[in-house]
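Just below is one structure, and these are the notes that go with it.
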Amino acid sequence: MADTTTPSAAPVTPLPPRLARPVSEALLNEKWDRCLSNLLIKSTLGLGFGVVFSVLIFKRRAWPAFVGVGFGAGRAYEECNSSLKQAARDIRK
Amino acid sequence: MASRGPPGARGMSNRFAQFKLVLLGESAVGKSSIVLRFVKDQFDSYRESTIGAAFLTQTISLDENTTVKFEIWDTAGQERYKSLAPMYYRNANCAVVVYDITQASSLDKAKAWVKELQRQANENIIIALAGNKLDLVTEQPDKRAIPTADAEAYAKEAGLLFFETSAKTAENVQELFTAIAKRLPLEQAGPRHGARGPAFLRQNNTTNLTIHIAPRWPLNSLMLRTSLRSVRALGSKPAAAAAGRQWQAAVVRRGLVRSYAIDNKPTADNAKLPASETLTAPSTAPPPPASAVAPTIPLENAPLTPPAPAATVPPPPPPSPPLPRKKGFFRRLRNYILTLTILSALGFGGGVWYSRINDNFHDFFTEYVPYGEQAVLYMEEMDFRKRFPNVASRVSGRSSRDAGEQVTIPAQSGASWRVADGGEPAGRQSSAIKKTAAAVKEAVKPQDAKVPASVVEAQQETAKLPVVESKATPPAAPVKPETTTTPEAIVAKVEEAAKAVVKKDDKTKGFKAPEVDEPSRWPPASPIDPLAIPDAAEPVVQDLVRMLNDIITVINHDNANEKYASTIYKAKNELAKVGSKIRDIKAAVEKDAAKEVRAKTDHFEKAANELITRIDAAMVNQEVHWQIEFEEELKALQKAYNEKVEVVRQRERDIHEAKLQNKLLEQAIELQRQFTAGIKKHVEGERDSRLGKLEDLSAAVKQLEKLTTGWNEVVDSNLRTQQLHVAVDAVRASLEDAHHPRPFIKELVALKEIAADDAVVDAAIASIHPSAYQRGISTSAELVDRFRRVATEVRKAALLPDDAGVASHASSLVLSKLMFKKQGLAAGDDVESILTRTQTYLEEGDLDNAAREMNGLSGWAKTLSRDWLGEVRKVLEVQQALEVIQAEARLQSLRVE
């Protein structure tokens, strides 16, 4: 009854189907997925570099490989952290 | 020097003039740039200021034949060079005063320059005002400081040429100089003044370009003047021609020195000139003696000069042997004078001839050459007379030689007079009119009183003779005193003398008889009196008489009277006889002539009469003919007129009838109209009274109809409400029926149609989100199911701080599992209690409150539950709209009853 003044004839246009956007309850999960995959890739890359360095330079020592993994994981963590913080900032806005 | 003549001198009909041009104006207005543009067609953006002055020359051609050479003095505009300016503008023929149109002060300076030029420079100087730097103004119009109109007004007022130029774009530069050249007096070329020499000597210190000026005098244009002047100079100063080379120099130099009146100067110049030339132009070689003849070649080629003097001028008198030899000197003097005379005569003749061709030269010649005007006038008159002989005699009214012949044909004069006059000398016939008048007068007189002039003359001669002779003859005495007094008296008293002679003749005849033996006493002064002969008027007789008289005179003179008296007497008789014979012949001829004339007259009269009669007859015939024609014409005209009148009358009648008919028609129409009006009135009255009741009836019917329509409406609206109820129920049913979300757009459309533009229904439908009826709304079971999923997710994020990183999320994920579960409507503001409350409301079916609880979340929790909340809201909206429509339907059904 309160809406008597609003104009009639609601637009009956078909809405475009939402394609890539996940439902709201899956937002965090998706972020976690990305972070984990990122972690995996970066760590692997780091490991790769470490192995190569250890083979070429460091006489097949183990530690360069670990250092490489550490660098990759650290980088992935940092990126994940920033993305989450950015998301939080977007929410607050 | 002369061999390097200007290019214009080679062409035959070319005009070549050279002018000094000076540029003035304030510093940095672009004088030098204008000159540079004009002379070399260049422009220099960064030009240093001129020091002192710069000299340049440029030749332009106005047309095919006219070439103008400018000697341009580009002065320095800076104030410290101002005192030098007079040196440059002195004797300048033209000046260009330049100002800068972007600087107001430059125009003031230009005005000052113009004033100075007009006051101190050559009085015929042509000044052009040029506003430079036009290119700046065209780029930026606000830079202009001096409007064109102002400068132009000033130029017009001061009589200057005006141009706005741009040395940079070359705009108007060429036009400026061309306009100046056109303004210059090209006819009197060679505008050099005597004062020029020293001026350019001084300038030679500042620029070394002046060398070129001296050799390039416009010889061609000066040709005539120099040649004439040379003749005059020679006439006045014979010694000037002594040295050939110097004389040539004088000829050329005098072209520069414009001095008409002073003839003494050239000799003074002669001595100095070679020296001054070498001073001014050290580079040019001194003219070789052989080249002295050279300037005569252009003189000969010059078209306008008379060729003869030029041809005779070149051979100057050969250098004579030393003066002390008197014989050689005289011979030289004689030769010289002879040459001079011939030259001047030829020159004068040539001048007269040329002044008839060239107007300017005519003015010059008549003004400056003595007797030139008279000679030219005489030549012109001759020419005019030759061309129009009749007009000349008529206009002038002068008695020319031919005029006399026209007058000497008096109609009444007898043949005798003509013959007598013919013998006389022509000069005495000037008074022929008077003579003939006298002759006419005398012809009227009686025959014996008539005294012909020849007789009088004879008498005079004879009368004079006795004066020379001795006065021994007394009978001649009465004549003598008259003749001796004055010749005029003799002429005046001709008639009296004649009469006296008549008497005397009678006397002498009486005399003769007694003194036969003394022939010497015969009056020798009594020659045969012409009057004694009856036919004295006959010319032949008169001639004879005169002859005889002469003889007698001679005889008398010789005192041989006695010897020839008898012979003369005989001769006299013969003469008388001849006279009578002639008279007889004359009479016979006259008679014949009269007869012939009479016959001719008769014949003519007869012919005339015949002609007259013939003409009369013809005229009568013609008249009769005309009369007949006239009558016929009259009849025809009358007929035509009558016909026309008839036609007009007929037409008039027709028109009248038509008019009458029209009037009748009008009356009929009027009557008809009255009739219809009456009928209409009648019918109206009837209708008002009887048909009035019909209207009442129809009104009643209408009311009935209205009532029925009212009922119809009620029924309709009832029906509509019913339908609305049904439609709403259908929608609700479709919503509740579904186990899965399903579009209910069809039901909504039906509802809308049934509602038939009900505002409330429309608004309610509009409040539903389009996605709701397109995709359908979730059922409550679905909502609850989804809530469970959302709640687990939200619970995971329940413990997150504001700015959560990876660590926070991980810890929240782990710790949320350790939290206590709550039940029912748990109090508290934390995420867990809110979730529990929502759960409770959902289980109760209170969607509205559940949504409100979830809306109370914040942060990540709210973000995660956003979609579920939107779903719930959609469902709520649809429910609300349906309720509104149902309420409206109910209201409508209430309103009907």
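Ordering of the structure tokens sets the chain letters (A, B, ...), residue numbers begin anew at 1 in every chain, and ligands are numbered from 1 in the order given.
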
Neighbouring residues of Gly50 of chain A were defined as those with any atom within 12 Å, considering only C-alpha atoms; residues of the same chain fewer than 2 positions away were excluded. Please report them as a tab-separated table (two decimals) with N, CA and C atoms, in the first residue's frame.
chain	number	residue	atom	x	y	z
A	42	LYS	N	54.73	-21.00	-6.37
A	42	LYS	CA	55.90	-20.20	-5.99
A	42	LYS	C	56.94	-21.07	-5.30
A	43	SER	N	56.44	-21.96	-4.40
A	43	SER	CA	57.38	-22.83	-3.67
A	43	SER	C	58.12	-23.73	-4.64
A	44	THR	N	57.35	-24.25	-5.59
A	44	THR	CA	57.98	-25.13	-6.58
A	44	THR	C	59.03	-24.39	-7.37
A	45	LEU	N	58.69	-23.18	-7.78
A	45	LEU	CA	59.64	-22.36	-8.53
A	45	LEU	C	60.91	-22.12	-7.71
A	46	GLY	N	60.65	-21.75	-6.45
A	46	GLY	CA	61.79	-21.49	-5.56
A	46	GLY	C	62.66	-22.74	-5.42
A	47	LEU	N	61.93	-23.84	-5.24
A	47	LEU	CA	62.66	-25.11	-5.10
A	47	LEU	C	63.50	-25.38	-6.33
A	48	GLY	N	62.85	-25.17	-7.47
A	48	GLY	CA	63.56	-25.38	-8.74
A	48	GLY	C	64.82	-24.56	-8.81
A	52	VAL	N	68.68	-25.88	-8.85
A	52	VAL	CA	69.61	-25.51	-9.92
A	52	VAL	C	70.85	-24.86	-9.35
A	53	PHE	N	70.62	-23.92	-8.43
A	53	PHE	CA	71.77	-23.23	-7.82
A	53	PHE	C	72.66	-24.21	-7.07
A	54	SER	N	71.96	-25.10	-6.32
A	54	SER	CA	72.75	-26.04	-5.51
A	54	SER	C	73.58	-26.95	-6.41
A	55	VAL	N	72.99	-27.33	-7.52
A	55	VAL	CA	73.73	-28.22	-8.44
A	55	VAL	C	74.88	-27.47	-9.09
A	56	LEU	N	74.58	-26.26	-9.57
A	56	LEU	CA	75.57	-25.54	-10.37
A	56	LEU	C	76.65	-24.91	-9.51
A	57	ILE	N	76.21	-24.33	-8.42
A	57	ILE	CA	77.16	-23.51	-7.65
A	57	ILE	C	77.57	-24.18	-6.35
A	58	PHE	N	76.54	-24.69	-5.67
A	58	PHE	CA	76.81	-25.06	-4.28
A	58	PHE	C	77.09	-26.55	-4.09
A	59	LYS	N	77.57	-27.18	-5.05
A	59	LYS	CA	78.05	-28.56	-4.93
A	59	LYS	C	77.00	-29.48	-4.33
A	60	ARG	N	75.81	-29.36	-4.81
A	60	ARG	CA	74.70	-30.24	-4.43
A	60	ARG	C	74.39	-30.19	-2.94
A	61	ARG	N	74.57	-29.04	-2.40
A	61	ARG	CA	74.15	-28.90	-1.01
A	61	ARG	C	72.65	-28.82	-0.97
A	62	ALA	N	72.03	-29.12	0.20
A	62	ALA	CA	70.57	-29.10	0.33
A	62	ALA	C	70.03	-27.70	0.58
A	63	TRP	N	70.77	-26.96	1.30
A	63	TRP	CA	70.20	-25.69	1.78
A	63	TRP	C	69.76	-24.70	0.70
A	64	PRO	N	70.45	-24.64	-0.43
A	64	PRO	CA	69.94	-23.69	-1.43
A	64	PRO	C	68.54	-24.05	-1.89
A	65	ALA	N	68.25	-25.39	-1.93
A	65	ALA	CA	66.89	-25.77	-2.31
A	65	ALA	C	65.90	-25.28	-1.27
A	66	PHE	N	66.20	-25.41	-0.03
A	66	PHE	CA	65.31	-24.94	1.03
A	66	PHE	C	65.13	-23.44	0.98
A	67	VAL	N	66.23	-22.80	0.75
A	67	VAL	CA	66.14	-21.34	0.67
A	67	VAL	C	65.22	-20.94	-0.48
A	68	GLY	N	65.34	-21.66	-1.59
A	68	GLY	CA	64.48	-21.36	-2.73
A	68	GLY	C	63.02	-21.57	-2.38
A	69	VAL	N	62.72	-22.69	-1.73
A	69	VAL	CA	61.34	-22.95	-1.32
A	69	VAL	C	60.87	-21.86	-0.38
A	70	GLY	N	61.73	-21.52	0.54
A	70	GLY	CA	61.36	-20.46	1.50
A	70	GLY	C	61.02	-19.16	0.79
A	71	PHE	N	61.85	-18.80	-0.16
A	71	PHE	CA	61.57	-17.55	-0.90
A	71	PHE	C	60.23	-17.62	-1.59
A	72	GLY	N	59.97	-18.81	-2.26
A	72	GLY	CA	58.71	-18.95	-3.00
A	72	GLY	C	57.52	-18.90	-2.05

Compile the residues of chain B that lie within 7 Å of chain A, evaluated using only C-alpha atoms, and express the compilation as a list in words.
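Only these qualify: Ala759, Val760, Asp762, Ala763, Ala764, Ile765, Ala766, Pro770, Ser771, Gln774, Val790, Glu793, Asp803, Ala804, Gly805, Val806, Gly859, Thr863, Leu864, Ser865, Arg866, Asp867 and Val884 of chain B.
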
Can you measure atom CA of Leu129 of chain B to atom CA of Phe162 of chain B for me? One decimal in Å is fine.
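Computing the Euclidean distance for atom CA of Leu129 of chain B and atom CA of Phe162 of chain B yields 4.8 Å.
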
Write out as JSON, numbers by chain each polymer residue whose atoms come within 12 Å of segment 42-49 of chain B, counting only C-alpha atoms; drop sequence neighbours fewer than 3 positions from it.
{"B": [26, 27, 28, 29, 30, 31, 32, 33, 34, 35, 36, 37, 38, 39, 52, 53, 54, 74, 75, 76, 77, 78, 79, 81, 133, 166, 167, 168, 169, 170, 173]}

Just give me the gap between atom CA of Asp100 of chain B and atom CA of Leu161 of chain B in Å, one decimal is fine.
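Spanning atom CA of Asp100 of chain B to atom CA of Leu161 of chain B is a straight-line distance of 16.0 Å.
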
Between B:Phe55, B:Phe820, B:Trp73, B:Tyr336, single out the one closest to Leu21 of chain B, counting only C-alpha atoms.
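Closest candidate: B:Trp73.
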
Counting only C-alpha atoms, figure out which residue out of B:Leu62, B:Ile655, B:Ser858, B:Phe744 gets nearest to Lys93 of chain A.
B:Ser858
